[in-house]
$ cat input_14.cif   # mmCIF, C-alpha atoms
data_work
loop_
_atom_site.label_atom_id
_atom_site.label_comp_id
_atom_site.auth_asym_id
_atom_site.auth_seq_id
_atom_site.Cartn_x
_atom_site.Cartn_y
_atom_site.Cartn_z
CA MET A 931 33.01 -112.93 -151.75
CA THR A 932 30.47 -115.60 -152.50
CA GLY A 933 28.17 -116.58 -155.33
CA VAL A 934 28.19 -117.60 -158.97
CA LEU A 935 31.49 -119.18 -160.04
CA PRO A 936 31.10 -121.32 -163.17
CA ILE A 937 33.55 -124.23 -163.18
CA ALA A 938 34.32 -126.03 -166.42
CA LEU A 939 35.38 -129.68 -166.35
CA GLU A 940 38.02 -131.34 -168.54
CA GLU A 941 37.36 -130.56 -172.23
CA ALA A 942 34.91 -127.80 -171.33
CA THR A 943 37.77 -125.67 -169.97
CA LYS A 944 38.30 -124.58 -173.60
CA ALA A 945 34.92 -122.88 -173.52
CA VAL A 946 35.45 -120.78 -170.36
CA GLN A 947 37.25 -118.03 -172.24
CA ALA A 948 33.78 -117.08 -173.47
CA LEU A 949 32.86 -116.30 -169.86
CA LEU A 950 35.88 -114.16 -169.00
CA HIS A 951 34.53 -111.27 -171.04
CA SER A 952 30.89 -111.72 -170.11
CA GLY A 953 28.94 -109.27 -167.98
CA LYS A 954 28.46 -109.80 -164.24
CA GLU A 955 25.81 -108.96 -161.69
CA TYR A 956 26.54 -108.45 -157.99
CA VAL A 957 24.67 -107.64 -154.83
CA CYS A 958 26.85 -105.59 -152.52
CA VAL A 959 26.77 -104.14 -149.01
CA MET A 960 28.65 -100.85 -148.93
CA GLY A 961 29.62 -99.19 -145.68
CA LEU A 962 29.39 -95.37 -145.69
CA HIS A 963 31.67 -93.40 -143.38
CA ALA A 964 28.88 -90.95 -142.43
CA GLU A 965 25.08 -90.99 -142.37
CA THR A 966 23.73 -89.90 -145.76
CA PRO A 967 20.14 -89.23 -146.87
CA GLU A 968 18.67 -91.93 -149.10
CA ASP A 969 17.78 -89.62 -151.99
CA ARG A 970 21.38 -88.38 -152.10
CA ILE A 971 22.63 -92.00 -152.33
CA LYS A 972 20.11 -92.70 -155.08
CA THR A 973 21.26 -89.71 -157.12
CA VAL A 974 24.93 -90.66 -156.90
CA LEU A 975 24.22 -94.31 -157.81
CA GLU A 976 22.36 -93.11 -160.90
CA GLU A 977 25.31 -90.95 -161.91
CA PHE A 978 27.52 -94.04 -162.01
CA GLN A 979 25.34 -95.76 -164.61
CA GLY A 980 26.79 -95.74 -168.12
CA THR A 981 30.53 -95.59 -168.79
CA ILE A 982 32.81 -94.99 -165.82
CA TYR A 983 36.56 -94.58 -165.44
CA GLN A 984 38.19 -96.99 -163.05
CA ARG A 985 41.75 -97.55 -161.89
CA PRO A 986 42.16 -101.17 -160.70
CA PRO A 987 42.87 -101.42 -156.93
CA VAL A 988 46.34 -102.03 -155.47
CA ARG A 989 45.61 -105.71 -155.08
CA ALA A 990 44.55 -106.47 -158.61
CA SER A 991 45.45 -109.07 -161.20
CA VAL A 992 45.77 -106.53 -164.02
CA LYS A 993 47.95 -103.53 -164.77
CA ARG A 994 46.88 -100.50 -162.72
CA ARG A 995 46.08 -98.02 -165.45
CA LEU A 996 42.90 -95.99 -165.81
CA ARG A 997 40.37 -97.78 -167.99
CA THR A 998 36.68 -97.49 -168.80
CA ARG A 999 34.04 -99.94 -167.69
CA ARG A 1000 30.33 -100.02 -168.45
CA ILE A 1001 27.79 -100.06 -165.65
CA TYR A 1002 24.52 -101.27 -167.17
CA HIS A 1003 22.42 -100.86 -164.02
CA LEU A 1004 23.13 -99.65 -160.50
CA ASP A 1005 20.11 -99.91 -158.22
CA LEU A 1006 19.67 -99.08 -154.58
CA LEU A 1007 17.94 -101.95 -152.77
CA GLU A 1008 18.08 -100.69 -149.20
CA ALA A 1009 19.76 -98.00 -147.13
CA ASP A 1010 19.93 -98.34 -143.39
CA GLY A 1011 22.05 -95.85 -141.49
CA ARG A 1012 25.55 -96.25 -142.87
CA ASN A 1013 24.87 -99.51 -144.66
CA VAL A 1014 23.81 -99.46 -148.30
CA LEU A 1015 22.64 -102.54 -150.20
CA PHE A 1016 22.79 -102.21 -153.99
CA ARG A 1017 22.66 -104.35 -157.11
CA VAL A 1018 25.03 -103.69 -160.00
CA ASP A 1019 25.09 -105.06 -163.57
CA CYS A 1020 28.50 -104.40 -165.06
CA GLU A 1021 31.06 -105.23 -167.69
CA ALA A 1022 33.66 -107.95 -167.02
CA GLY A 1023 36.65 -106.60 -165.11
CA THR A 1024 34.79 -104.01 -163.05
CA TYR A 1025 36.19 -103.90 -159.53
CA ILE A 1026 33.33 -103.54 -157.07
CA ARG A 1027 35.65 -102.74 -154.16
CA LYS A 1028 36.90 -99.80 -156.19
CA LEU A 1029 33.37 -98.86 -157.26
CA CYS A 1030 32.42 -98.58 -153.57
CA TYR A 1031 35.46 -96.41 -152.86
CA ASP A 1032 34.63 -94.13 -155.80
CA LEU A 1033 30.95 -93.94 -154.77
CA GLY A 1034 32.16 -92.85 -151.34
CA GLU A 1035 34.29 -90.11 -152.89
CA ALA A 1036 31.34 -88.92 -154.98
CA LEU A 1037 29.11 -88.91 -151.90
CA GLY A 1038 31.77 -86.97 -150.04
CA CYS A 1039 31.69 -89.13 -146.93
CA GLY A 1040 33.89 -92.00 -148.07
CA ALA A 1041 32.80 -95.65 -148.32
CA HIS A 1042 34.12 -99.17 -148.50
CA MET A 1043 32.87 -102.55 -149.62
CA ARG A 1044 31.57 -104.68 -146.75
CA GLU A 1045 30.16 -107.75 -148.44
CA LEU A 1046 29.81 -108.98 -151.97
CA ARG A 1047 27.85 -111.74 -153.65
CA ARG A 1048 27.93 -112.45 -157.40
CA THR A 1049 24.46 -113.23 -158.70
CA ARG A 1050 25.37 -113.63 -162.35
CA ALA A 1051 28.38 -114.49 -164.55
CA GLY A 1052 27.28 -114.26 -168.19
CA PRO A 1053 24.55 -116.87 -168.72
CA PHE A 1054 24.96 -118.40 -165.25
CA ILE A 1055 22.59 -116.99 -162.67
CA GLU A 1056 22.00 -117.45 -158.97
CA GLY A 1057 18.37 -118.47 -159.37
CA LYS A 1058 18.98 -121.38 -161.72
CA GLY A 1059 21.02 -124.48 -160.95
CA LEU A 1060 23.42 -122.86 -158.49
CA THR A 1061 25.10 -125.70 -156.55
CA THR A 1062 27.13 -125.55 -153.34
CA LEU A 1063 30.35 -127.50 -152.77
CA HIS A 1064 28.49 -129.63 -150.23
CA GLU A 1065 25.86 -130.53 -152.79
CA VAL A 1066 28.53 -131.40 -155.38
CA SER A 1067 30.21 -133.69 -152.89
CA HIS A 1068 26.92 -135.26 -151.77
CA LEU A 1069 25.55 -135.77 -155.29
CA TYR A 1070 28.80 -137.27 -156.54
CA GLY A 1071 28.64 -139.79 -153.68
CA LEU A 1072 25.05 -140.54 -154.58
CA TRP A 1073 26.04 -141.16 -158.20
CA GLN A 1074 28.75 -143.57 -157.09
CA ASP A 1075 26.25 -145.48 -154.94
CA THR A 1076 23.33 -145.54 -157.36
CA GLN A 1077 24.94 -145.09 -160.81
CA ASP A 1078 21.91 -142.92 -161.58
CA GLU A 1079 23.05 -140.58 -164.37
CA ASN A 1080 20.33 -138.06 -163.62
CA VAL A 1081 22.11 -137.23 -160.38
CA LEU A 1082 25.11 -135.93 -162.35
CA ARG A 1083 22.99 -134.26 -165.02
CA LYS A 1084 21.21 -132.36 -162.28
CA PHE A 1085 24.25 -130.23 -161.38
CA ILE A 1086 26.53 -130.57 -164.42
CA ALA A 1087 25.33 -128.62 -167.46
CA PRO A 1088 26.62 -129.13 -171.02
CA MET A 1089 29.41 -126.64 -171.91
CA GLU A 1090 27.05 -125.13 -174.48
CA LYS A 1091 25.40 -123.39 -171.53
CA ALA A 1092 28.50 -121.19 -171.22
CA LEU A 1093 28.04 -119.97 -174.81
CA GLU A 1094 24.38 -119.03 -174.46
CA LEU A 1095 24.89 -115.27 -174.73
CA LEU A 1096 27.21 -115.33 -177.76
CA PRO A 1097 25.81 -114.79 -181.25
CA LYS A 1098 25.44 -118.20 -182.92
CA VAL A 1099 26.17 -119.68 -186.31
CA TYR A 1100 24.79 -123.10 -187.30
CA ILE A 1101 26.65 -125.14 -189.90
CA ARG A 1102 26.28 -128.21 -192.13
CA ASP A 1103 27.42 -131.64 -190.93
CA SER A 1104 29.92 -131.60 -193.81
CA ALA A 1105 31.61 -128.44 -192.47
CA VAL A 1106 32.05 -129.66 -188.88
CA ASP A 1107 35.19 -131.79 -189.05
CA ALA A 1108 37.09 -129.21 -191.11
CA LEU A 1109 36.56 -126.73 -188.25
CA CYS A 1110 37.64 -129.38 -185.73
CA HIS A 1111 40.90 -129.54 -187.68
CA GLY A 1112 41.34 -125.77 -187.35
CA ALA A 1113 39.92 -124.59 -190.68
CA HIS A 1114 38.11 -121.26 -190.86
CA LEU A 1115 34.40 -121.24 -191.58
CA ALA A 1116 33.57 -120.82 -195.27
CA ALA A 1117 30.29 -119.34 -196.52
CA PRO A 1118 28.78 -122.51 -198.06
CA GLY A 1119 28.97 -124.28 -194.68
CA VAL A 1120 26.61 -121.80 -192.98
CA LEU A 1121 22.97 -122.81 -192.56
CA SER A 1122 21.70 -120.10 -190.23
CA LEU A 1123 23.00 -117.33 -187.99
CA ASP A 1124 21.92 -114.70 -185.52
CA THR A 1125 21.01 -111.16 -186.47
CA GLY A 1126 23.22 -108.32 -185.26
CA ILE A 1127 26.63 -109.96 -185.80
CA GLU A 1128 29.29 -107.35 -186.55
CA THR A 1129 32.75 -107.86 -188.05
CA ASN A 1130 35.23 -109.02 -185.35
CA ASP A 1131 32.48 -110.20 -182.98
CA THR A 1132 33.19 -113.51 -181.27
CA VAL A 1133 30.60 -116.03 -182.44
CA ALA A 1134 29.87 -119.58 -181.32
CA VAL A 1135 29.68 -122.14 -184.11
CA PHE A 1136 27.19 -124.98 -183.58
CA THR A 1137 26.09 -128.15 -185.31
CA GLN A 1138 22.41 -128.52 -186.15
CA LYS A 1139 22.14 -130.75 -183.07
CA GLY A 1140 23.24 -127.79 -180.96
CA GLU A 1141 26.75 -129.05 -180.17
CA ALA A 1142 29.44 -126.40 -179.87
CA VAL A 1143 32.10 -126.80 -182.56
CA ALA A 1144 34.30 -123.73 -182.11
CA LEU A 1145 34.58 -120.10 -181.10
CA ALA A 1146 35.33 -117.87 -184.07
CA LYS A 1147 35.74 -114.23 -185.02
CA ALA A 1148 33.20 -112.98 -187.59
CA LEU A 1149 34.81 -111.61 -190.76
CA ALA A 1150 31.59 -109.93 -191.95
CA PRO A 1151 28.27 -108.75 -190.51
CA THR A 1152 25.13 -110.92 -190.58
CA GLU A 1153 23.60 -109.27 -193.67
CA GLN A 1154 26.75 -109.77 -195.71
CA ILE A 1155 27.28 -113.38 -194.59
CA LEU A 1156 23.73 -114.18 -195.73
CA LYS A 1157 24.61 -113.05 -199.25
CA MET A 1158 28.04 -114.69 -199.51
CA ASN A 1159 28.48 -117.77 -201.74
CA HIS A 1160 32.19 -118.27 -201.20
CA GLY A 1161 35.05 -117.06 -199.04
CA PHE A 1162 35.52 -117.19 -195.27
CA VAL A 1163 32.86 -115.81 -192.97
CA ALA A 1164 34.58 -116.48 -189.61
CA ARG A 1165 38.13 -117.05 -188.43
CA SER A 1166 38.51 -119.97 -186.03
CA GLN A 1167 39.73 -118.95 -182.54
CA ARG A 1168 39.20 -121.96 -180.33
CA VAL A 1169 38.16 -125.46 -181.37
CA LEU A 1170 35.79 -127.03 -178.83
CA MET A 1171 34.82 -130.31 -180.47
CA PRO A 1172 37.29 -133.21 -180.82
CA ARG A 1173 38.20 -134.36 -184.32
CA GLY A 1174 36.37 -137.28 -185.87
CA VAL A 1175 32.95 -136.85 -184.26
CA TYR A 1176 31.57 -135.94 -187.67
CA PRO A 1177 32.88 -137.49 -190.91
CA LYS A 1178 35.66 -135.82 -192.84
CA ALA A 1179 34.05 -134.30 -195.91
CA TRP A 1180 36.72 -132.17 -197.48
CA ARG A 1181 39.11 -133.11 -200.23
CA GLY A 1182 42.76 -133.53 -199.32
CA SER A 1183 45.41 -131.54 -201.11
CA LEU A 1184 47.01 -134.65 -202.64
CA MET B 962 22.32 -90.21 -169.99
CA GLN B 963 24.03 -92.84 -172.08
CA THR B 964 23.05 -96.32 -170.99
CA GLU B 965 23.69 -99.56 -172.75
CA LYS B 966 21.91 -102.88 -172.61
CA ALA B 967 23.54 -105.60 -170.53
CA PRO B 968 24.68 -108.51 -172.73
CA TRP B 969 21.87 -110.70 -171.39
CA GLU B 970 19.24 -108.12 -172.33
CA ILE B 971 20.10 -108.22 -176.04
CA GLN B 972 17.49 -110.14 -178.03
CA ARG B 973 18.83 -112.15 -180.96
CA LYS B 974 16.98 -113.88 -183.76
CA ALA B 975 18.26 -116.59 -186.10
CA VAL B 976 18.01 -116.09 -189.85
CA VAL B 977 18.21 -119.00 -192.28
CA LYS B 978 20.72 -119.04 -195.12
CA ALA B 979 20.24 -122.60 -196.37
CA GLU B 980 18.34 -125.73 -195.30
CA GLU B 981 19.77 -129.18 -194.62
CA GLU B 982 19.11 -132.11 -192.30
CA THR B 983 21.65 -133.41 -189.80
CA ASN B 984 22.66 -137.07 -189.89
CA PRO B 985 21.62 -138.74 -186.59
CA ARG B 986 24.58 -141.15 -186.88
CA TYR B 987 27.07 -138.46 -185.85
CA GLY B 988 27.28 -136.60 -182.57
CA HIS B 989 24.63 -136.10 -179.89
CA ARG B 990 22.39 -133.30 -178.79
CA PRO B 991 24.26 -131.79 -175.80
CA GLU B 992 21.67 -132.99 -173.27
CA GLU B 993 21.82 -136.53 -174.71
CA ARG B 994 25.57 -137.11 -174.45
CA PRO B 995 26.61 -140.41 -172.86
CA ILE B 996 27.35 -139.71 -169.19
CA GLN B 997 31.17 -139.96 -169.38
CA GLU B 998 31.15 -137.46 -172.24
CA HIS B 999 28.61 -135.31 -170.44
CA VAL B 1000 31.06 -134.87 -167.55
CA ARG B 1001 34.06 -134.22 -169.82
CA PHE B 1002 32.10 -131.49 -171.62
CA GLY B 1003 30.36 -130.23 -168.49
CA VAL B 1004 30.11 -127.01 -166.52
CA ILE B 1005 29.01 -126.51 -162.90
CA ASN B 1006 27.24 -123.35 -161.77
CA LEU B 1007 28.98 -123.31 -158.40
CA ASP B 1008 28.03 -121.23 -155.37
CA LYS B 1009 31.46 -120.19 -154.15
CA PRO B 1010 31.68 -120.15 -150.35
CA ALA B 1011 33.31 -117.25 -148.51
CA GLY B 1012 36.93 -117.82 -147.52
CA PRO B 1013 38.76 -119.98 -150.05
CA SER B 1014 39.93 -118.43 -153.33
CA SER B 1015 38.33 -119.25 -156.68
CA HIS B 1016 41.48 -121.19 -157.42
CA GLU B 1017 41.24 -123.32 -154.27
CA VAL B 1018 37.56 -124.03 -154.86
CA THR B 1019 38.36 -125.19 -158.40
CA ALA B 1020 41.01 -127.55 -157.03
CA TRP B 1021 38.47 -129.01 -154.59
CA ILE B 1022 36.02 -129.69 -157.42
CA LYS B 1023 38.78 -131.54 -159.24
CA ARG B 1024 39.43 -133.66 -156.19
CA ILE B 1025 35.75 -134.37 -155.41
CA LEU B 1026 34.94 -135.42 -158.98
CA LYS B 1027 38.31 -137.16 -159.49
CA ILE B 1028 38.98 -135.39 -162.77
CA GLY B 1029 42.21 -134.17 -164.31
CA ARG B 1030 41.31 -130.68 -165.38
CA ALA B 1031 38.97 -127.92 -164.29
CA GLY B 1032 38.90 -124.18 -164.79
CA HIS B 1033 36.79 -121.36 -163.50
CA GLY B 1034 35.18 -118.66 -165.59
CA GLY B 1035 36.03 -115.31 -164.08
CA THR B 1036 37.75 -115.07 -160.71
CA LEU B 1037 35.43 -114.04 -157.89
CA GLU B 1038 37.82 -111.76 -155.98
CA ALA B 1039 36.44 -108.24 -155.97
#
$ encode --input "input_14.cif" --output "C-alpha cells"
Amino acid sequence: MTGVLPIALEEATKAVQALLHSGKEYVCVMGLHAETPEDRIKTVLEEFQGTIYQRPPVRASVKRRLRTRRIYHLDLLEADGRNVLFRVDCEAGTYIRKLCYDLGEALGCGAHMRELRRTRAGPFIEGKGLTTLHEVSHLYGLWQDTQDENVLRKFIAPMEKALELLPKVYIRDSAVDALCHGAHLAAPGVLSLDTGIETNDTVAVFTQKGEAVALAKALAPTEQILKMNHGFVARSQRVLMPRGVYPKAWRGSL
Amino acid sequence: MQTEKAPWEIQRKAVVKAEEETNPRYGHRPEERPIQEHVRFGVINLDKPAGPSSHEVTAWIKRILKIGRAGHGGTLEA
C-alpha cells in the first residue's frame, strides 16, 4: 500500500482527528479468479456505489461486526484479462481488500486485492504537494545547509490544510483566548459561518486571520446560529491554538 | 440508485453574522507563521512507500526532522 499519508508534526497532531473520519480515494488493482467480460465488471462495480454492508477483514484494527460504508464513486479504469484497475471514492474505514473480495463474490468468480494506492485522504491529494520520504530527507538537509525557510514551507503545510473540508466558523479576536482556555463558543463571538451546518456537525473554528482555534460540535444549524444573540452555538471538542496568542478579553469570576 | 456526494464535492458558502476587524498585533496568518512555529503547526502530505507500516514511516519522519511528536491521519493498511 502506497500513497497519501498525511503526517502532522508536534502541535498539529491535535488536528489529525479531523482526518480520521474524512473520505478517501484509492486506485486499486484487483485480481479476478476467472476471465470476465468488461461490461459485466462495469455493472457489478456500479451496483456497489451507494451504501454497502461490510464486515471488517480478519486482520483489522476494529471490531469485526457488520457495518455500513458509503461508496461515493466506483469507476472502472481498465480491465485486462484477469486484472481490473478501478478508482474508488469512499467513506473513512472502508476496507478495500474486503471490497475486492465482495466484488469477486458478486461477480461469481472470486477476486482479491493485488495492489493499492491511496490518492486522497480528506483534503490531501496525490496531485498537490505529495512528498516522498527521500524528498523530506533531502529538503531537510538543504534547509540545514542554506537556512532558506522556503525549503521547509515547500513540503510542510500549515495544519489548517487538514481542516479544509470541515464547515468553518470565524470568530472575533475577543472570543479567541476564551476558546483556547476550553470555553464553548457563544453566539456574540461569531462573525461568519458556512451554510449547511447541522446540529452535532464537527466544525472548525478560525480567527479572522485564518488560524485554527479549535474543533467544536455545532449546537444549532447555520440558520439558527445567525439569529442567536446569546447562548452557546458550539461545544468545544479539541483546542488547537495555545493560550495567550490573543489577549484575554473575558471577565474573571472574582 | 441512492448516491451521495463525496465530502470534497460539497460546496460551502460563508454567511456573515457581524463585521469586525482583526488586530494585526496578535497571531499570524497561517502561511506567515515564523518558521519554528510553522514546523510545530505543520502537516506533510507524505507519499508512503510500499513496505513499512504507517507507524514506522511516521517514526522515520520524526527522526529525519528531529522533532518530538508526529502523528499520521488515517492508517494506510487496507
$ resolve_selection --input "input_14.cif" --expression "the PyMOL selection byres ((chain B and resi 1033) around 9)" --output "ChimeraX atom specification"
/A:935-939,943,946 /B:1015-1016,1019,1031-1032,1034-1036
$ closest_atom_pairs --input "input_14.cif" --of "chain B" --to "chain A" --cutoff "7 Å" --atoms "all atoms listed in the file" --output "CSV"
residue,atom,partner,partner_atom,distance
B:Gln963,CA,A:Gly980,CA,5.6
B:Thr964,CA,A:Gly980,CA,4.7
B:Glu965,CA,A:Tyr1002,CA,5.9
B:Lys966,CA,A:Tyr1002,CA,6.2
B:Ala967,CA,A:Tyr1002,CA,5.6
B:Pro968,CA,A:Gly953,CA,6.4
B:Trp969,CA,A:Leu1095,CA,6.4
B:Arg973,CA,A:Thr1125,CA,6.0
B:Lys974,CA,A:Asp1124,CA,5.3
B:Ala975,CA,A:Asp1124,CA,4.2
B:Val976,CA,A:Ser1122,CA,5.5
B:Val977,CA,A:Ser1122,CA,4.2
B:Lys978,CA,A:Leu1121,CA,5.1
B:Ala979,CA,A:Leu1121,CA,4.7
B:Glu980,CA,A:Leu1121,CA,6.1
B:Thr983,CA,A:Asp1103,CA,6.1
B:Tyr987,CA,A:Tyr1176,CA,5.5
B:Gly988,CA,A:Val1175,CA,5.9
B:His989,CA,A:Lys1139,CA,6.7
B:Arg990,CA,A:Lys1139,CA,5.0
B:Pro991,CA,A:Glu1141,CA,5.7
B:Glu992,CA,A:Pro1088,CA,6.7
B:Ile996,CA,A:Glu1079,CA,6.5
B:His999,CA,A:Pro1088,CA,6.5
B:Val1000,CA,A:Leu939,CA,6.9
B:Arg1001,CA,A:Glu940,CA,5.1
B:Phe1002,CA,A:Ala942,CA,4.6
B:Gly1003,CA,A:Pro1088,CA,4.6
B:Val1004,CA,A:Ala938,CA,4.3
B:Ile1005,CA,A:Ile1086,CA,5.0
B:Asn1006,CA,A:Pro936,CA,4.6
B:Leu1007,CA,A:Thr1061,CA,4.9
B:Asp1008,CA,A:Gly933,CA,4.7
B:Lys1009,CA,A:Thr932,CA,5.0
B:Pro1010,CA,A:Thr932,CA,5.2
B:Ala1011,CA,A:Thr932,CA,5.2
B:Thr1019,CA,A:Ile937,CA,6.8
B:Ile1025,CA,A:Ser1067,CA,6.1
B:Leu1026,CA,A:Tyr1070,CA,6.9
B:Gly1029,CA,A:Glu940,CA,6.6
B:Arg1030,CA,A:Glu940,CA,4.6
B:Ala1031,CA,A:Leu939,CA,4.5
B:Gly1032,CA,A:Ala938,CA,5.2
B:His1033,CA,A:Ile937,CA,4.3
B:Gly1034,CA,A:Val946,CA,5.2
B:Gly1035,CA,A:Leu950,CA,5.1
B:Leu1037,CA,A:Met931,CA,6.7
B:Glu1038,CA,A:Met931,CA,6.5
B:Ala1039,CA,A:Tyr1025,CA,5.6
$ resolve_selection --input "input_14.cif" --expression "the PyMOL selection byres ((chain A and resi 1116) around 9)" --output "ChimeraX atom specification"
/A:1105,1113-1115,1117-1120,1159-1164
$ atom_distance --input "input_14.cif" --atom1 "atom CA of B:Val1018" --atom2 "atom CA of A:Lys993"
25.0 Å
$ atom_distance --input "input_14.cif" --atom1 "atom CA of A:Leu1093" --atom2 "atom CA of A:Ala1134"
6.8 Å
$ atom_distance --input "input_14.cif" --atom1 "atom CA of B:Pro995" --atom2 "atom CA of A:Trp1073"
14.7 Å
$ closest_residue --input "input_14.cif" --among "A:Val988, A:Gly1038, A:Ser1166, A:Thr1129" --to "A:His1111" --atoms "all atoms listed in the file"
A:Ser1166
$ resolve_selection --input "input_14.cif" --expression "the PyMOL selection byres ((chain A and resi 1033) around 12)" --output "PyMOL selection string"
chain A and resi 960-963+970-979+982+984+1004+1014+1016+1026-1032+1034-1043
